[in-house]
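Peer 1: The following block contains the structure, expressed as structure tokens.
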Amino acid sequence: MAHDVQNYNLDQKFDFSAGIKKSVLTVLGIGAAILVLGIILAMTGGGHHEEGAEAAGHAFHWYERLYANLWINNVYFTGIAIIGVFFFAIQYAAQAGWSAPITRIMLSLGNWLPIAGILMIVTFFVANHDLFHWTHSYLFDKASPEYDSIIDGKGAFFYWPMEKGSFPVFYIARMVIFFGFWVFFFNKFKQIAANEDQLGGNAHWFKMRSWSAYFLVFFAVSSSISAWDWVMSIDTHWFSTLFGWYVFASWFVAGLSTITLLTIFLKGKGYLEMVNENHIHDMGKFVFGFSIFWTYLWFSQFLLIYYANIPEETVYFVERLSSDIYGGFIFVNIIMNFVLPFLVLMTRDAKRHGIFLKVVCSLLIVGHWVDFFLMVQPGTLGHNGGIGLMEVGMLLVYGASFAFVVLSSLAKGNLVPKNHPMMEESYHHHI
Amino acid sequence: MERDTHFILGVYEDEDVLLHAVEEVRSSGVKIHEVYTPYPIHGLEHVLGYKRSRLPIAAFLFGMLGTTLALTMQFYMMRFDWPMIIGGKDFAAFPDFIPVTFELTVLLAAFGMVGVFMISSNLKPWAQPRIFDVRSTDDKHIMAIDIANNSAMEVDKIKEILKSSGATEVNNKSFEE
């Protein structure tokens, strides 16, 4: 029933205690150890892969796998970070009241964005030819035997206004603009939030709503194009018109799972006492619903390509389904990201109790990493890929660094937007 | 079967008064038959102590039935009854079956749920609804108490409880069925 008097502590701050720091850093250390072990093993024992690669035209080097792993995690964690900001903006644009106490948790994910941007650009320049086939200049040279008319036709998308095959100005400009604006909007939100905490009043809420609307318009375009740039351009010949949505859906589920997991974690530590099972239920519904949304997009993409059976489109799935390495992961992907969340989170009780959500959200965070693994590795590494020590280590390193950045940012500001005009409404949220 | 049922009706004007009255009446040991209101009142099912509906279970089972039916039908038709090559695919091409399976799952879950709801709420087309008080479709909240269910308590005592809980009128109502 209705709560009678609210004596919630609105000035609470997250204490990033030595204990929590230690566990995050331990995961980071274990991840780094596994990663280094994986690299050493790949450097010394990678020989048996090379015969096949030699026949295909170029020798395989161990560091290509390292680059592919960097790229998977760059794209994946950038996605989780920007989804935090995106979901925050959605709350304001939709004038949502229920979510008021957890809006700061959503926003805190954005602290990864500046780091993600730098990592992305650096990785692009270091990895270059090893990740992106279209960076080879001979593809655009009509005199070369390697001339590729299809990629030449798409060349302007990367190189405009420069000559095709030179420096990818347009591509880099898009990357810089997207990260630049995302960080700009994120900082704007953070600044308005800080002012709201200090001064109070409804004006900040209205300001936040307007900026949220601007951000959402920009995000609608940028999220889709970044999916083409960062993921779809790996398979340069291939294209899918709903790829932007597909990547967005994968990001969204992973981001929602992270927000839910973080909320449950903070509640478990004794913070956020105003967040009750009704709020958790709503987050659970988002995770459940958007898992199905992701499946819908995954299947829509698959069914149309499978049914139309046009070679230039089916190559994407042939490369994956008929591969000894990736074939099984297609089904792992579907089971982790659709079947299990669908069945486990179907009942109301499962969405209201932290334990089910903890399990499912952790599963989804790994599951959508597998999804990105399947998008990136077949096109970059081919039969030299797979999930080994390097993959596990890199995921742990990125995950722990992400957690460290987010948790230390939560420790700096207020955990709860104490002057949010809809705080009172959210106390009485009842579903 | 001829059976007369006798009810005591409490008439309430205000939803807040009603919500507290329901709590009071129940805590004094009177069993409430049903409360009729002109519009949905938030929290009423909670104070009346209703258990959560089991309708989702019916929806799930009907959904499973739809999935099974759809897959069986398509496999039987496409593999055994009239095999046809469509688009160069196998006879029993599983991905092709998913859209139909999805549709039949949703259709049967929805129809099954509506059907179960109507049966369990006695909403058959020929059902004669009991009209306790026509004002419950306008501006009054009506609390109905079945005397047969409260045989342990004096009728006058129940009326007393209703009055003191804020009812503006207390009436008798009988149905001859």
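To be explicit about the labels: the chains of the structure tokens are called A, B, and onward in the order shown, and within each one the residues are counted from 1, while ligands get numbers from 1 in the order they are shown.
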What are the closest atom pairs, with distances in Å to one decimal, for each residue of chain A lying within 9 Å of chain B, using only C-alpha atoms, rows by chain and rising residue number, as JSON lines?
Peer 2:
```
{"residue": "A:Met1", "atom": "CA", "partner": "B:Gly43", "partner_atom": "CA", "distance": 8.0}
{"residue": "A:Phe299", "atom": "CA", "partner": "B:Pro95", "partner_atom": "CA", "distance": 8.9}
{"residue": "A:Phe302", "atom": "CA", "partner": "B:Pro95", "partner_atom": "CA", "distance": 8.9}
{"residue": "A:Leu303", "atom": "CA", "partner": "B:Pro95", "partner_atom": "CA", "distance": 6.7}
{"residue": "A:Tyr306", "atom": "CA", "partner": "B:Pro95", "partner_atom": "CA", "distance": 8.4}
{"residue": "A:Tyr307", "atom": "CA", "partner": "B:Gly87", "partner_atom": "CA", "distance": 7.1}
{"residue": "A:Ala308", "atom": "CA", "partner": "B:Gly87", "partner_atom": "CA", "distance": 7.8}
{"residue": "A:Asn309", "atom": "CA", "partner": "B:Gly87", "partner_atom": "CA", "distance": 8.2}
{"residue": "A:Thr347", "atom": "CA", "partner": "B:Pro56", "partner_atom": "CA", "distance": 8.3}
```
Peer 1: Could the residues in this selection be written to a file with C-alpha atoms, as a tab-separated table (two decimals), in the first residue's frame?
Peer 2:
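Result went into selection-v1.tsv, see below:
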```
chain	number	residue	atom	x	y	z
A	1	MET	CA	0.00	0.00	0.00
A	299	PHE	CA	15.40	-13.16	-37.33
A	302	PHE	CA	18.18	-13.83	-41.30
A	303	LEU	CA	14.85	-14.92	-42.78
A	306	TYR	CA	17.84	-16.97	-46.32
A	307	TYR	CA	14.61	-16.86	-48.27
A	308	ALA	CA	15.73	-14.58	-51.08
A	309	ASN	CA	18.92	-16.63	-51.45
A	347	THR	CA	6.42	-14.47	-15.11
```
Peer 1: Out of stretch 49-138 of chain B, which residues get alpha helix (DSSP H) from DSSP, as a ChimeraX atom specification?
Peer 2: /B:55-75,94-120
Peer 1: Could the residues in this selection be saved with C-alpha atoms as a PDB file, in the first residue's frame?
Peer 2:
```
ATOM      1  CA  LEU B  55      -5.042 -15.966 -16.483  1.00  0.00           C
ATOM      2  CA  PRO B  56      -1.370 -15.696 -17.603  1.00  0.00           C
ATOM      3  CA  ILE B  57      -0.990 -19.443 -17.018  1.00  0.00           C
ATOM      4  CA  ALA B  58      -3.909 -20.065 -19.379  1.00  0.00           C
ATOM      5  CA  ALA B  59      -2.336 -17.679 -21.896  1.00  0.00           C
ATOM      6  CA  PHE B  60       0.982 -19.541 -21.704  1.00  0.00           C
ATOM      7  CA  LEU B  61      -0.648 -22.947 -22.163  1.00  0.00           C
ATOM      8  CA  PHE B  62      -2.722 -21.749 -25.114  1.00  0.00           C
ATOM      9  CA  GLY B  63       0.398 -20.168 -26.583  1.00  0.00           C
ATOM     10  CA  MET B  64       2.236 -23.488 -26.289  1.00  0.00           C
ATOM     11  CA  LEU B  65      -0.720 -25.187 -27.936  1.00  0.00           C
ATOM     12  CA  GLY B  66      -0.512 -22.678 -30.790  1.00  0.00           C
ATOM     13  CA  THR B  67       3.232 -23.299 -31.238  1.00  0.00           C
ATOM     14  CA  THR B  68       2.769 -27.056 -31.275  1.00  0.00           C
ATOM     15  CA  LEU B  69      -0.208 -26.915 -33.626  1.00  0.00           C
ATOM     16  CA  ALA B  70       1.530 -24.602 -36.055  1.00  0.00           C
ATOM     17  CA  LEU B  71       4.716 -26.651 -36.226  1.00  0.00           C
ATOM     18  CA  THR B  72       2.871 -29.966 -36.513  1.00  0.00           C
ATOM     19  CA  MET B  73       0.578 -28.613 -39.209  1.00  0.00           C
ATOM     20  CA  GLN B  74       3.397 -27.204 -41.305  1.00  0.00           C
ATOM     21  CA  PHE B  75       5.655 -30.226 -40.939  1.00  0.00           C
ATOM     22  CA  PHE B  94      12.368 -24.797 -40.357  1.00  0.00           C
ATOM     23  CA  PRO B  95      13.048 -21.024 -40.746  1.00  0.00           C
ATOM     24  CA  ASP B  96      10.108 -20.744 -43.136  1.00  0.00           C
ATOM     25  CA  PHE B  97       7.808 -22.035 -40.432  1.00  0.00           C
ATOM     26  CA  ILE B  98       8.691 -19.442 -37.822  1.00  0.00           C
ATOM     27  CA  PRO B  99       6.399 -16.595 -38.969  1.00  0.00           C
ATOM     28  CA  VAL B 100       3.333 -18.860 -39.099  1.00  0.00           C
ATOM     29  CA  THR B 101       4.315 -20.422 -35.774  1.00  0.00           C
ATOM     30  CA  PHE B 102       4.661 -16.993 -34.212  1.00  0.00           C
ATOM     31  CA  GLU B 103       1.271 -15.878 -35.542  1.00  0.00           C
ATOM     32  CA  LEU B 104      -0.563 -18.986 -34.379  1.00  0.00           C
ATOM     33  CA  THR B 105       1.092 -18.772 -30.954  1.00  0.00           C
ATOM     34  CA  VAL B 106      -0.079 -15.195 -30.516  1.00  0.00           C
ATOM     35  CA  LEU B 107      -3.529 -15.931 -31.961  1.00  0.00           C
ATOM     36  CA  LEU B 108      -4.230 -18.922 -29.738  1.00  0.00           C
ATOM     37  CA  ALA B 109      -2.751 -17.232 -26.654  1.00  0.00           C
ATOM     38  CA  ALA B 110      -5.008 -14.204 -27.209  1.00  0.00           C
ATOM     39  CA  PHE B 111      -8.160 -16.135 -28.118  1.00  0.00           C
ATOM     40  CA  GLY B 112      -7.588 -18.676 -25.379  1.00  0.00           C
ATOM     41  CA  MET B 113      -7.048 -15.985 -22.788  1.00  0.00           C
ATOM     42  CA  VAL B 114     -10.186 -14.086 -23.825  1.00  0.00           C
ATOM     43  CA  GLY B 115     -12.193 -17.327 -23.848  1.00  0.00           C
ATOM     44  CA  VAL B 116     -10.980 -18.406 -20.414  1.00  0.00           C
ATOM     45  CA  PHE B 117     -11.619 -14.923 -19.061  1.00  0.00           C
ATOM     46  CA  MET B 118     -15.192 -14.921 -20.371  1.00  0.00           C
ATOM     47  CA  ILE B 119     -15.948 -18.376 -19.009  1.00  0.00           C
ATOM     48  CA  SER B 120     -14.418 -17.657 -15.602  1.00  0.00           C
TER      49      SER B 120
END
```
Peer 1: Excluding A:Ser401 and residues on its chain fewer than 5 positions from it, collect all residues at most 12 Å away from it, counting only C-alpha atoms, and give them as a PyMOL selection string.
Peer 2: chain A and resi 21+23-29+31-32+73-74+77+109+111-112+115-116+394-396+406-408
Peer 1: Tell me which of B:Ile41, B:Asn172, B:Ala127, B:Leu162 sits closest to B:Glu23, counting only C-alpha atoms.
Peer 2: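 Closest to B:Glu23 of all the choices is B:Leu162.
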